[in-house]
Amino acid sequence: MKNFIISILSVVLGLLVGGLVLKLSGISPLEAYQVMWEGAFSQPNYISYIIIRSTPLILTGLSVAFAFRTGLFNIGAEGQFVIGALSATYFGYHFDFSPWIQVPLVMMLATMIASLYGGLSGFLKARFGVHEVLSTIMLNWIALYLSNYAVFIPGFRRPDTETTEFIKDSSSIGILDKWKMSDAGMEWLANHEFWHSFMRPPVNAGIFIALICVVLVWVILNKTAFGYKLKAVGFSPNAAEYAGISTKLKVTQSMMIAGALSGLAGATHVMGVSKNVAVLAAHEGYGFDGIAVALIGSNHPVGVLFSGFFLGALKYSGQKIQSTLEAPSEVIGIMIGAIIFFIAIPSIFNFVTKAWRKN
């Protein structure tokens, strides 16, 4: 309950800081927030875009939160996302089975590869003592450049472009894609204004996968002996080792699960939205935003779900104040940074207080 209150207060204070920045820019904060609200909820297709935008944030947020609960800081969610997206694109293009086989197969393979990629940093920490922050940062860049290299592989690259071929239709997790393009679908949607607007964006099953993962992560952490051991390692590695828990194994397993969740985020994004990958000049930020989602959600699966939707709505509606009011593009980033800062203040205060009492 305490963490929930801190998160809510931090969000309010972050919005106040954003309002101050808007005021200094000569823009009315009330008008800006009204534009953001209307830009998020005034039309059904806006809600669809927020759901689409939030889905990978929820999954990468779960990834970071899961590692946090084991005492690990998974900075590598971004690289794991890239590996999952690249793997899903590769298998989604080269395989051609029925959708009932293709979709779970592609998703499973992409998740497994990202899991191994995430587990690599866990292994380096467990075996050689390499700090996961250092290894995951390096692995983020390796993933980015590996993806850029893979785009140019002959037979995988689209001719005369800097993108890969699109995945097969049988790999798509889009909802009613073919029906929307059929005569019957277009006729029905034309007569139902709400659904016509709601289904216009690339609505896909990714959000349902994210919801399932929220439940699974909660069950693993709170209802299983495996989750208890992971949390025990996070609370006190020495005590866990004394109790007979293999901390090295649990560190590797935790990072593998975290990698799987981020990889699944990349896979669902490709299979539901982008359909391919392109050369990237820099990271897209889904994994880094997952860190913010985890912190705002207090590293709790349900908290991550709501903070993922909040951050998705904030980022999508933030585009509206830029286009409508010509607000600075950095405002949303300042808001998110301020929220994280206010969330961190109680921890900093507790640390300083304990250090002062100890001395």
# chains A, B, ... in the order shown; residues from 1 in each chain; ligands from 1
call {"tool": "residues_around", "arguments": {"residues": "stretch 191-199 of chain A", "least_positions_apart": "5", "cutoff": "8 Å", "atoms": "only C-alpha atoms", "output": "PyMOL selection string"}}
result
chain A and resi 43-48
call {"tool": "write_last_selection", "arguments": {"atoms": "N, CA and C atoms", "output": "PDB file, in the first residue's frame"}}
result
ATOM      1  N   GLN A  43     -11.455   9.404 -29.053  1.00  0.00           N
ATOM      2  CA  GLN A  43     -11.864   8.576 -30.189  1.00  0.00           C
ATOM      3  C   GLN A  43     -11.447   7.126 -29.955  1.00  0.00           C
ATOM      4  N   PRO A  44     -12.241   6.171 -30.435  1.00  0.00           N
ATOM      5  CA  PRO A  44     -11.916   4.756 -30.218  1.00  0.00           C
ATOM      6  C   PRO A  44     -10.551   4.351 -30.769  1.00  0.00           C
ATOM      7  N   ASN A  45     -10.173   4.910 -31.932  1.00  0.00           N
ATOM      8  CA  ASN A  45      -8.877   4.514 -32.500  1.00  0.00           C
ATOM      9  C   ASN A  45      -7.703   5.012 -31.654  1.00  0.00           C
ATOM     10  N   TYR A  46      -7.908   6.104 -30.895  1.00  0.00           N
ATOM     11  CA  TYR A  46      -6.860   6.556 -29.977  1.00  0.00           C
ATOM     12  C   TYR A  46      -6.628   5.509 -28.886  1.00  0.00           C
ATOM     13  N   ILE A  47      -7.729   4.947 -28.392  1.00  0.00           N
ATOM     14  CA  ILE A  47      -7.619   3.907 -27.361  1.00  0.00           C
ATOM     15  C   ILE A  47      -6.886   2.693 -27.917  1.00  0.00           C
ATOM     16  N   SER A  48      -7.186   2.342 -29.158  1.00  0.00           N
ATOM     17  CA  SER A  48      -6.499   1.213 -29.793  1.00  0.00           C
ATOM     18  C   SER A  48      -5.001   1.459 -29.866  1.00  0.00           C
TER      19      SER A  48
END
call {"tool": "closest_atom_pairs", "arguments": {"of": "stretch 90-150 of chain A", "to": "stretch 263-276 of chain A", "cutoff": "8 Å", "atoms": "only C-alpha atoms", "output": "tab-separated table"}}
result
residue	atom	partner	partner_atom	distance
A:Gly92	CA	A:Met271	CA	7.9
A:Met107	CA	A:Ala267	CA	6.2
A:Ala110	CA	A:Ala267	CA	6.4
A:Thr111	CA	A:Gly263	CA	5.1
A:Ile113	CA	A:Gly263	CA	7.8
A:Ala114	CA	A:Gly263	CA	4.8
A:Ser115	CA	A:Gly263	CA	7.0
call {"tool": "write_last_selection", "arguments": {"atoms": "C-alpha atoms", "output": "compact mmCIF listing (two decimals), in the first residue's frame"}}
result
# COMPACT_ATOMS: atom_id res chain seq x y z
CA GLY A 92 8.09 -15.58 -39.41
CA MET A 107 6.74 -16.88 -30.83
CA ALA A 110 11.88 -15.94 -30.58
CA THR A 111 11.21 -16.12 -26.84
CA ILE A 113 16.49 -17.16 -28.21
CA ALA A 114 15.89 -13.95 -26.26
CA SER A 115 15.82 -16.02 -23.06
call {"tool": "residues_around", "arguments": {"residues": "stretch 329-333 of chain A", "least_positions_apart": "2", "cutoff": "12 Å", "atoms": "only C-alpha atoms", "output": "PyMOL selection string"}}
result
chain A and resi 14-25+27+29+32-33+36+285+289+292+311-327+335-340
call {"tool": "write_last_selection", "arguments": {"atoms": "N, CA and C atoms", "output": "short mmCIF file (atom, residue, chain, number, x, y, z; two decimals), in the first residue's frame"}}
result
data_model
loop_
_atom_site.label_atom_id
_atom_site.label_comp_id
_atom_site.auth_asym_id
_atom_site.auth_seq_id
_atom_site.Cartn_x
_atom_site.Cartn_y
_atom_site.Cartn_z
N GLY A 14 5.02 14.52 -10.87
CA GLY A 14 5.62 14.54 -12.20
C GLY A 14 4.80 15.35 -13.18
N LEU A 15 3.47 15.22 -13.09
CA LEU A 15 2.59 16.01 -13.95
C LEU A 15 2.68 17.50 -13.61
N LEU A 16 2.85 17.81 -12.32
CA LEU A 16 3.02 19.21 -11.92
C LEU A 16 4.32 19.78 -12.47
N VAL A 17 5.38 18.98 -12.44
CA VAL A 17 6.65 19.43 -13.02
C VAL A 17 6.49 19.66 -14.52
N GLY A 18 5.78 18.74 -15.20
CA GLY A 18 5.52 18.92 -16.62
C GLY A 18 4.71 20.17 -16.89
N GLY A 19 3.74 20.45 -16.01
CA GLY A 19 2.95 21.67 -16.15
C GLY A 19 3.80 22.92 -15.99
N LEU A 20 4.77 22.86 -15.07
CA LEU A 20 5.67 24.00 -14.87
C LEU A 20 6.52 24.24 -16.12
N VAL A 21 7.01 23.16 -16.73
CA VAL A 21 7.80 23.29 -17.96
C VAL A 21 6.95 23.88 -19.07
N LEU A 22 5.70 23.42 -19.18
CA LEU A 22 4.80 23.96 -20.20
C LEU A 22 4.54 25.45 -19.97
N LYS A 23 4.35 25.83 -18.70
CA LYS A 23 4.11 27.23 -18.37
C LYS A 23 5.30 28.09 -18.75
N LEU A 24 6.50 27.59 -18.47
CA LEU A 24 7.71 28.33 -18.83
C LEU A 24 7.88 28.43 -20.34
N SER A 25 7.24 27.51 -21.07
CA SER A 25 7.30 27.54 -22.54
C SER A 25 6.20 28.40 -23.14
N ILE A 27 2.89 27.94 -22.60
CA ILE A 27 1.71 27.13 -22.93
C ILE A 27 0.93 26.88 -21.65
N PRO A 29 -0.81 24.93 -18.97
CA PRO A 29 -0.80 23.52 -18.57
C PRO A 29 -2.18 22.87 -18.64
N ALA A 32 -2.98 22.15 -22.17
CA ALA A 32 -2.14 21.05 -22.66
C ALA A 32 -2.65 19.71 -22.16
N TYR A 33 -3.01 19.64 -20.88
CA TYR A 33 -3.48 18.37 -20.33
C TYR A 33 -4.86 18.01 -20.87
N MET A 36 -4.10 16.49 -24.15
CA MET A 36 -3.59 15.13 -23.95
C MET A 36 -4.72 14.16 -23.63
N GLY A 285 13.81 2.16 -27.64
CA GLY A 285 13.47 2.60 -26.28
C GLY A 285 12.45 1.76 -25.55
N ASP A 289 12.16 2.08 -21.59
CA ASP A 289 10.89 2.52 -21.02
C ASP A 289 10.34 1.47 -20.05
N ALA A 292 11.25 2.28 -16.55
CA ALA A 292 10.35 3.26 -15.95
C ALA A 292 9.03 2.61 -15.54
N LEU A 311 2.02 4.84 -19.07
CA LEU A 311 3.14 5.36 -19.85
C LEU A 311 2.82 5.33 -21.34
N GLY A 312 2.11 4.28 -21.79
CA GLY A 312 1.70 4.22 -23.19
C GLY A 312 0.78 5.36 -23.55
N ALA A 313 -0.18 5.66 -22.66
CA ALA A 313 -1.10 6.77 -22.90
C ALA A 313 -0.36 8.11 -22.87
N LEU A 314 0.58 8.23 -21.94
CA LEU A 314 1.34 9.48 -21.82
C LEU A 314 2.17 9.74 -23.07
N LYS A 315 2.81 8.71 -23.58
CA LYS A 315 3.65 8.88 -24.76
C LYS A 315 2.81 9.14 -26.01
N TYR A 316 1.68 8.45 -26.14
CA TYR A 316 0.85 8.65 -27.33
C TYR A 316 0.18 10.02 -27.30
N SER A 317 -0.43 10.36 -26.16
CA SER A 317 -1.13 11.65 -26.09
C SER A 317 -0.15 12.82 -26.09
N GLY A 318 1.10 12.55 -25.67
CA GLY A 318 2.10 13.62 -25.70
C GLY A 318 2.37 14.12 -27.10
N GLN A 319 2.17 13.24 -28.09
CA GLN A 319 2.35 13.67 -29.48
C GLN A 319 1.33 14.74 -29.87
N LYS A 320 0.17 14.69 -29.21
CA LYS A 320 -0.90 15.63 -29.55
C LYS A 320 -0.55 17.06 -29.13
N ILE A 321 0.07 17.21 -27.95
CA ILE A 321 0.40 18.58 -27.54
C ILE A 321 1.56 19.13 -28.36
N GLN A 322 2.36 18.25 -28.92
CA GLN A 322 3.43 18.72 -29.80
C GLN A 322 2.86 19.21 -31.12
N SER A 323 1.90 18.46 -31.68
CA SER A 323 1.33 18.83 -32.98
C SER A 323 0.28 19.93 -32.87
N THR A 324 -0.46 19.95 -31.75
CA THR A 324 -1.55 20.92 -31.59
C THR A 324 -1.08 22.24 -31.01
N LEU A 325 -0.26 22.17 -29.96
CA LEU A 325 0.16 23.38 -29.24
C LEU A 325 1.62 23.74 -29.48
N GLU A 326 2.29 22.93 -30.30
CA GLU A 326 3.72 23.13 -30.57
C GLU A 326 4.54 23.15 -29.28
N ALA A 327 4.17 22.25 -28.37
CA ALA A 327 4.91 22.13 -27.11
C ALA A 327 6.25 21.46 -27.37
N MET A 335 8.50 14.75 -17.78
CA MET A 335 7.47 14.23 -16.87
C MET A 335 7.86 12.85 -16.35
N ILE A 336 8.26 11.96 -17.27
CA ILE A 336 8.62 10.60 -16.88
C ILE A 336 9.83 10.61 -15.95
N GLY A 337 10.82 11.44 -16.29
CA GLY A 337 12.01 11.54 -15.44
C GLY A 337 11.67 12.06 -14.06
N ALA A 338 10.78 13.04 -14.00
CA ALA A 338 10.37 13.60 -12.70
C ALA A 338 9.64 12.55 -11.87
N ILE A 339 8.78 11.77 -12.51
CA ILE A 339 8.05 10.72 -11.80
C ILE A 339 9.02 9.72 -11.18
N ILE A 340 10.00 9.27 -11.98
CA ILE A 340 11.01 8.33 -11.48
C ILE A 340 11.80 8.95 -10.34
#
call {"tool": "atom_distance", "arguments": {"atom1": "atom CA of A:Val304", "atom2": "atom CA of A:Pro56"}}
result
11.5 Å
call {"tool": "atom_distance", "arguments": {"atom1": "atom CA of A:Phe97", "atom2": "atom CA of A:Ile167"}}
result
12.1 Å
call {"tool": "closest_residue", "arguments": {"among": "A:Leu280, A:Leu30, A:Leu230, A:Ala294", "to": "A:Phe310", "atoms": "only C-alpha atoms"}}
result
A:Ala294
call {"tool": "atom_distance", "arguments": {"atom1": "atom CA of A:Leu57", "atom2": "atom CA of A:Ala210"}}
result
9.4 Å
call {"tool": "closest_residue", "arguments": {"among": "A:Ile245, A:Glu162, A:Ala278, A:Ile175", "to": "A:Ala225", "atoms": "only C-alpha atoms"}}
result
A:Ile245
